[in-house]
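For reference, the structure discussed in these notes is given below.
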Amino acid sequence: MTPYTAWTNARLLVPLPDRKRFQVVEDGLIAARDGRILYAGTKEGAPRLNYTQTHDVGGRLITSGLIDPHTHLVFGGDRAAEFRMRLEGASYEAIARAGGGIVSTMKATREASEAELVRTALTRLDDLLAEGVTTIEIKSGYGLRLEDELKMLRAARALAGHRQVRIKTTFLGAHALPPEYAGRADAYIDEVCNRMIPAVAAEKLADAVDCFCEGIGFSPAQTRRVFEAAHRHGLRTKLHAEQLSNLRGAELAAHYGALSADHLEYLDEAGIAEMSRHGTVATLLPGAFYFVRETRLPPIQALRDAGVPMALATDCNPGTSPLTSLLLTMNMAATLFRMSVDECLMGVTLNAARALGLGHETGALEAGKACDLAIWDVEAPEQLVYRIGARPLHARVFNGVPQ
């Protein structure tokens with residue numbers, strides 16, 4: 001018989017029925033078997049089981065393992081030189097139009113081997129795991145031709161063979177226009193829809209398809225074509241939307257049943273209403289907001305009022321958010337976006353899971369979900385949002401196995 005495992009003498013952060021706030025369960029116990037939570041609640045109410053292993057956590061706080069639902073973790077090179085340019089006054093758009101930005105990372109990524117991409121991504125992944133992350137989304141989008149997009153997705157999937165972590169991959173072939181298609185954006189979208197997406201789907205390398213719907217990216221009409229191709233091949237959709245302007249991308253994404261629309265600084269009421277109607281998660285990226293010195297805030301209060309779930313992510317990427325700290329992401333969301341402690345914690349657990357289509361699998365200390373735990377040396381949950389630069393993780397548990 002498979003053994004039962006328990007974590008005892010714990011304080012548990014569990015969601016209230018409204019799924020918007022948490023409560024701390026004192027003298028808590030988590031029981032697990034075969035990597036799944038059987039019970040999470042008070043010790044007094046726990047089932048009487050014959051535990052083979054019992055871990056006394058000494059009164060520490062346990063949350064569900066953290067989830068980073070939007071990253072570009074796999075890439076070649078870096079863009080520190082562009083950071084200098086921005087400090088000297090160049091805009092994100094100007095850098096992109098001058099051949100920098102995504103295209104410069106494309107060149108470095110194309111030159112890198114799959115093994116090199118894995119090696120460099122592991123250093124970034126380790127930073128996130130050291131802060132209690134147990135699930136992460138990784139996008140392609142720096143290869144911009146079939147063989148290199150596949151290479152990126154394989155590298156992302158390979159990370160799970162090196163570390164105990166749940167990885168969801170997203171195909172982002174429509175991230176930027178590669179130089180060989182200059183002036184021929186529709187032809188490149190043909191390539192994405194007719195060749196790349198079918199190949200990615202055939203090799204089962206992606207869980208979803210994303211697109212950069214923006215003036216310096218792709219139009220709503222082109223985005224619609226990408227979504228339709230994704231649906232034809234059984235893939236869910238996500239969207240970079242309303243980061244620099246309002247092209248009504250979030251509205252389009254929600255109409256197509258997208259898991260999430262991400263960035264959203266220029267999101268309007270129509271987009272919010274459509275997201276609310278279709279259950280599309282708003283994934284907010286305060287690291288990018290901070291790093292590019294954006295001044296227009298995403299419409300947090302309007303999203304609250306409409307009941308749109310808000311997730312948080314690092315957006316780890318070499319150009320606009322070289323961030324590998326989900327704890328700092330929460331602090332930025334609280335400080336810059338005025339999100340509450342509960343909203344921040346929901347944003348990296350339950351709502352982040354929903355943004356990846358994993359709400360049934362992880363994101364909360366609840367029976368039936370994966371036993372993904374983060375055990376913290378903190379007195380109160382707000383310290384996870386409040387502290388800057390601290391790494392208070394005591395232990396991480398993935399699928400019931402202490403790491």
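Scheme for the structure tokens: letters A, B, ... for chains in order shown; per-chain residue numbers from 1; ligand numbers from 1 in order shown.
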
Tell me, counting only C-alpha atoms, for each residue of range 99-141 of chain A within 9 Å of range 306-325 of chain A, which pair of atoms is nearest and how far apart they are in Å to one decimal, in rows ordered by chain and increasing number, as a Markdown table.
```
| residue | atom | partner | partner_atom | distance |
| --- | --- | --- | --- | --- |
| A:Gly101 | CA | A:Gly319 | CA | 6.4 |
| A:Ile102 | CA | A:Gly319 | CA | 7.4 |
| A:Thr105 | CA | A:Pro318 | CA | 7.7 |
| A:Arg124 | CA | A:Thr324 | CA | 6.2 |
| A:Leu125 | CA | A:Thr324 | CA | 7.7 |
| A:Asp126 | CA | A:Thr324 | CA | 8.9 |
| A:Asp127 | CA | A:Thr324 | CA | 6.0 |
| A:Leu128 | CA | A:Thr324 | CA | 5.8 |
| A:Glu131 | CA | A:Ser325 | CA | 7.2 |
```

With N, CA and C atoms retained, could you export that selection as a PDB file, in the first residue's frame?
```pdb
ATOM      1  N   GLY A 101      15.985  44.974 -29.323  1.00  0.00           N
ATOM      2  CA  GLY A 101      14.803  44.319 -28.780  1.00  0.00           C
ATOM      3  C   GLY A 101      14.781  42.831 -29.061  1.00  0.00           C
ATOM      4  N   ILE A 102      13.602  42.351 -29.377  1.00  0.00           N
ATOM      5  CA  ILE A 102      13.395  40.919 -29.550  1.00  0.00           C
ATOM      6  C   ILE A 102      14.294  40.349 -30.642  1.00  0.00           C
ATOM      7  N   THR A 105      17.757  39.371 -29.451  1.00  0.00           N
ATOM      8  CA  THR A 105      17.730  38.102 -28.724  1.00  0.00           C
ATOM      9  C   THR A 105      17.512  36.942 -29.679  1.00  0.00           C
ATOM     10  N   ARG A 124      18.458  30.716 -14.133  1.00  0.00           N
ATOM     11  CA  ARG A 124      17.293  31.554 -13.848  1.00  0.00           C
ATOM     12  C   ARG A 124      16.210  30.746 -13.125  1.00  0.00           C
ATOM     13  N   LEU A 125      16.018  29.519 -13.564  1.00  0.00           N
ATOM     14  CA  LEU A 125      15.023  28.664 -12.915  1.00  0.00           C
ATOM     15  C   LEU A 125      15.369  28.434 -11.447  1.00  0.00           C
ATOM     16  N   ASP A 126      16.639  28.228 -11.154  1.00  0.00           N
ATOM     17  CA  ASP A 126      17.053  27.982  -9.774  1.00  0.00           C
ATOM     18  C   ASP A 126      16.716  29.164  -8.865  1.00  0.00           C
ATOM     19  N   ASP A 127      16.826  30.387  -9.385  1.00  0.00           N
ATOM     20  CA  ASP A 127      16.435  31.556  -8.592  1.00  0.00           C
ATOM     21  C   ASP A 127      14.964  31.467  -8.198  1.00  0.00           C
ATOM     22  N   LEU A 128      14.125  31.056  -9.122  1.00  0.00           N
ATOM     23  CA  LEU A 128      12.694  30.966  -8.855  1.00  0.00           C
ATOM     24  C   LEU A 128      12.370  29.818  -7.904  1.00  0.00           C
ATOM     25  N   GLU A 131      12.656  30.429  -4.259  1.00  0.00           N
ATOM     26  CA  GLU A 131      11.604  31.228  -3.653  1.00  0.00           C
ATOM     27  C   GLU A 131      10.270  30.484  -3.618  1.00  0.00           C
TER      28      GLU A 131
END
```

DSSP strand (DSSP E) residues within range 75-316 of chain A, listed as a count of residues only:
37

Contact check, range 71-146 of chain A to range 370-393 of chain A, at most 8 Å, counting only C-alpha atoms, closest pairs as CSV:
```
residue,atom,partner,partner_atom,distance
A:Ala130,CA,A:Leu393,CA,7.0
A:Glu131,CA,A:Leu393,CA,5.9
A:Gly132,CA,A:Ala374,CA,5.1
A:Val133,CA,A:Ala374,CA,7.8
A:Thr134,CA,A:Asp372,CA,6.5
```

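Note that CA of Glu149 in chain A and CA of Phe171 in chain A are 7.7 Å apart.
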
Can you write out as a Markdown table which residues of range 215-311 of chain A fall within 9 Å of range 79-93 of chain A, alongside each residue's closest atom pair and its distance in Å to one decimal, counting only C-alpha atoms and ordering rows by chain and ascending residue number?
```
| residue | atom | partner | partner_atom | distance |
| --- | --- | --- | --- | --- |
| A:Ile216 | CA | A:Glu93 | CA | 7.1 |
| A:Phe291 | CA | A:Phe83 | CA | 9.0 |
| A:Val292 | CA | A:Tyr92 | CA | 7.3 |
```

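The interatomic distance for the pair CA of Gly400 in chain A and CA of Leu205 in chain A works out to 25.8 Å.
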
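Nearest to Thr71 in chain A of all the residues A:Met346, A:Ile167, A:Leu297, A:Ala199 is A:Ile167, counting only C-alpha atoms.
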
As a PDB file with N, CA, C and O atoms, in the first residue's frame, please: the residues near Ala202 in chain A (cut-off 10 Å, only C-alpha atoms, same-chain neighbours under 5 positions excluded).
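Result went into part_22.pdb, see below:
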```pdb
ATOM      1  N   MET A 196       4.308  26.343 -38.554  1.00  0.00           N
ATOM      2  CA  MET A 196       4.839  26.244 -37.199  1.00  0.00           C
ATOM      3  C   MET A 196       3.850  25.604 -36.235  1.00  0.00           C
ATOM      4  O   MET A 196       4.192  24.648 -35.518  1.00  0.00           O
ATOM      5  N   ILE A 197       2.634  26.141 -36.161  1.00  0.00           N
ATOM      6  CA  ILE A 197       1.665  25.591 -35.210  1.00  0.00           C
ATOM      7  C   ILE A 197       1.383  24.120 -35.472  1.00  0.00           C
ATOM      8  O   ILE A 197       1.377  23.317 -34.521  1.00  0.00           O
ATOM      9  N   HIS A 233      -5.769  23.048 -33.984  1.00  0.00           N
ATOM     10  CA  HIS A 233      -4.821  22.010 -33.559  1.00  0.00           C
ATOM     11  C   HIS A 233      -4.943  21.694 -32.067  1.00  0.00           C
ATOM     12  O   HIS A 233      -4.037  21.097 -31.482  1.00  0.00           O
TER      13      HIS A 233
END
```

Wanna dump the range 274-377 of chain A-range 7-18 of chain A contacts at 8 Å for me, each residue with its shortest atom pair and the distance in Å to one decimal, counting only C-alpha atoms, ordered by chain and number, as a Markdown table?
```
| residue | atom | partner | partner_atom | distance |
| --- | --- | --- | --- | --- |
| A:Ala364 | CA | A:Val14 | CA | 6.7 |
| A:Leu365 | CA | A:Val14 | CA | 5.8 |
| A:Glu366 | CA | A:Val14 | CA | 7.7 |
```

Give me the residues near Glu147 in chain A as a PyMOL selection string, where near means some atom within 12 Å (using only C-alpha atoms) and where sequence neighbours in that chain fewer than 4 positions away do not count.
chain A and resi 109-111+113-114+140-143+151-154+173+195-196+199-200

Can you pull out the residues contacting Ala40 in chain A? Cut-off 8 Å, using only C-alpha atoms, and skip same-chain residues under 3 positions away; I want them as a ChimeraX atom specification.
/A:12,28-31,37,46,365-367

Only all heavy atoms, please: the residues just picked out, written as an mmCIF file, in the first residue's frame.
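This is the output file result_38.cif:
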```cif
data_model
loop_
_atom_site.group_PDB
_atom_site.id
_atom_site.type_symbol
_atom_site.label_atom_id
_atom_site.label_comp_id
_atom_site.auth_asym_id
_atom_site.auth_seq_id
_atom_site.Cartn_x
_atom_site.Cartn_y
_atom_site.Cartn_z
ATOM 1 N N LEU A 12 -1.402 27.003 8.049
ATOM 2 C CA LEU A 12 -1.728 26.786 6.647
ATOM 3 C C LEU A 12 -2.448 27.998 6.065
ATOM 4 O O LEU A 12 -3.414 28.494 6.657
ATOM 5 C CB LEU A 12 -2.628 25.559 6.486
ATOM 6 C CG LEU A 12 -2.171 24.263 7.159
ATOM 7 C CD1 LEU A 12 -3.187 23.159 6.872
ATOM 8 C CD2 LEU A 12 -0.782 23.864 6.685
ATOM 9 N N GLY A 28 -2.203 23.403 12.027
ATOM 10 C CA GLY A 28 -2.672 22.725 10.833
ATOM 11 C C GLY A 28 -1.910 21.456 10.513
ATOM 12 O O GLY A 28 -0.796 21.206 11.008
ATOM 13 N N LEU A 29 -2.530 20.659 9.650
ATOM 14 C CA LEU A 29 -1.936 19.403 9.200
ATOM 15 C C LEU A 29 -2.293 19.197 7.728
ATOM 16 O O LEU A 29 -3.428 19.446 7.314
ATOM 17 C CB LEU A 29 -2.450 18.231 10.035
ATOM 18 C CG LEU A 29 -1.919 16.823 9.692
ATOM 19 C CD1 LEU A 29 -1.835 15.968 10.955
ATOM 20 C CD2 LEU A 29 -2.808 16.113 8.656
ATOM 21 N N ILE A 30 -1.311 18.756 6.956
ATOM 22 C CA ILE A 30 -1.532 18.362 5.568
ATOM 23 C C ILE A 30 -1.238 16.876 5.455
ATOM 24 O O ILE A 30 -0.173 16.409 5.873
ATOM 25 C CB ILE A 30 -0.627 19.144 4.599
ATOM 26 C CG1 ILE A 30 -0.993 20.631 4.622
ATOM 27 C CG2 ILE A 30 -0.746 18.592 3.169
ATOM 28 C CD1 ILE A 30 -0.036 21.496 3.845
ATOM 29 N N ALA A 31 -2.189 16.133 4.920
ATOM 30 C CA ALA A 31 -1.995 14.704 4.668
ATOM 31 C C ALA A 31 -1.959 14.496 3.159
ATOM 32 O O ALA A 31 -2.746 15.085 2.415
ATOM 33 C CB ALA A 31 -3.132 13.886 5.280
ATOM 34 N N ILE A 37 -2.821 15.956 -2.252
ATOM 35 C CA ILE A 37 -3.301 16.333 -0.931
ATOM 36 C C ILE A 37 -4.598 15.584 -0.629
ATOM 37 O O ILE A 37 -5.538 15.604 -1.434
ATOM 38 C CB ILE A 37 -3.534 17.848 -0.855
ATOM 39 C CG1 ILE A 37 -2.208 18.603 -1.009
ATOM 40 C CG2 ILE A 37 -4.212 18.226 0.474
ATOM 41 C CD1 ILE A 37 -2.361 20.111 -1.099
ATOM 42 N N ALA A 46 -8.316 16.266 11.280
ATOM 43 C CA ALA A 46 -7.636 15.420 10.295
ATOM 44 C C ALA A 46 -8.105 13.968 10.389
ATOM 45 O O ALA A 46 -8.434 13.476 11.474
ATOM 46 C CB ALA A 46 -6.132 15.490 10.510
ATOM 47 N N LEU A 365 -3.993 24.845 -1.131
ATOM 48 C CA LEU A 365 -3.914 23.713 -0.208
ATOM 49 C C LEU A 365 -5.312 23.137 -0.051
ATOM 50 O O LEU A 365 -6.057 23.478 0.866
ATOM 51 C CB LEU A 365 -3.349 24.159 1.145
ATOM 52 C CG LEU A 365 -1.969 24.804 1.120
ATOM 53 C CD1 LEU A 365 -1.533 25.176 2.540
ATOM 54 C CD2 LEU A 365 -0.931 23.883 0.470
ATOM 55 N N GLU A 366 -5.659 22.253 -0.978
ATOM 56 C CA GLU A 366 -6.997 21.674 -1.011
ATOM 57 C C GLU A 366 -6.924 20.208 -1.400
ATOM 58 O O GLU A 366 -6.082 19.821 -2.231
ATOM 59 C CB GLU A 366 -7.878 22.419 -2.015
ATOM 60 C CG GLU A 366 -8.154 23.862 -1.620
ATOM 61 C CD GLU A 366 -8.915 24.623 -2.675
ATOM 62 O OE1 GLU A 366 -8.695 24.383 -3.883
ATOM 63 O OE2 GLU A 366 -9.741 25.482 -2.289
ATOM 64 N N ALA A 367 -7.807 19.412 -0.832
ATOM 65 C CA ALA A 367 -7.851 17.982 -1.138
ATOM 66 C C ALA A 367 -8.041 17.770 -2.638
ATOM 67 O O ALA A 367 -8.834 18.446 -3.281
ATOM 68 C CB ALA A 367 -8.972 17.310 -0.359
#
```
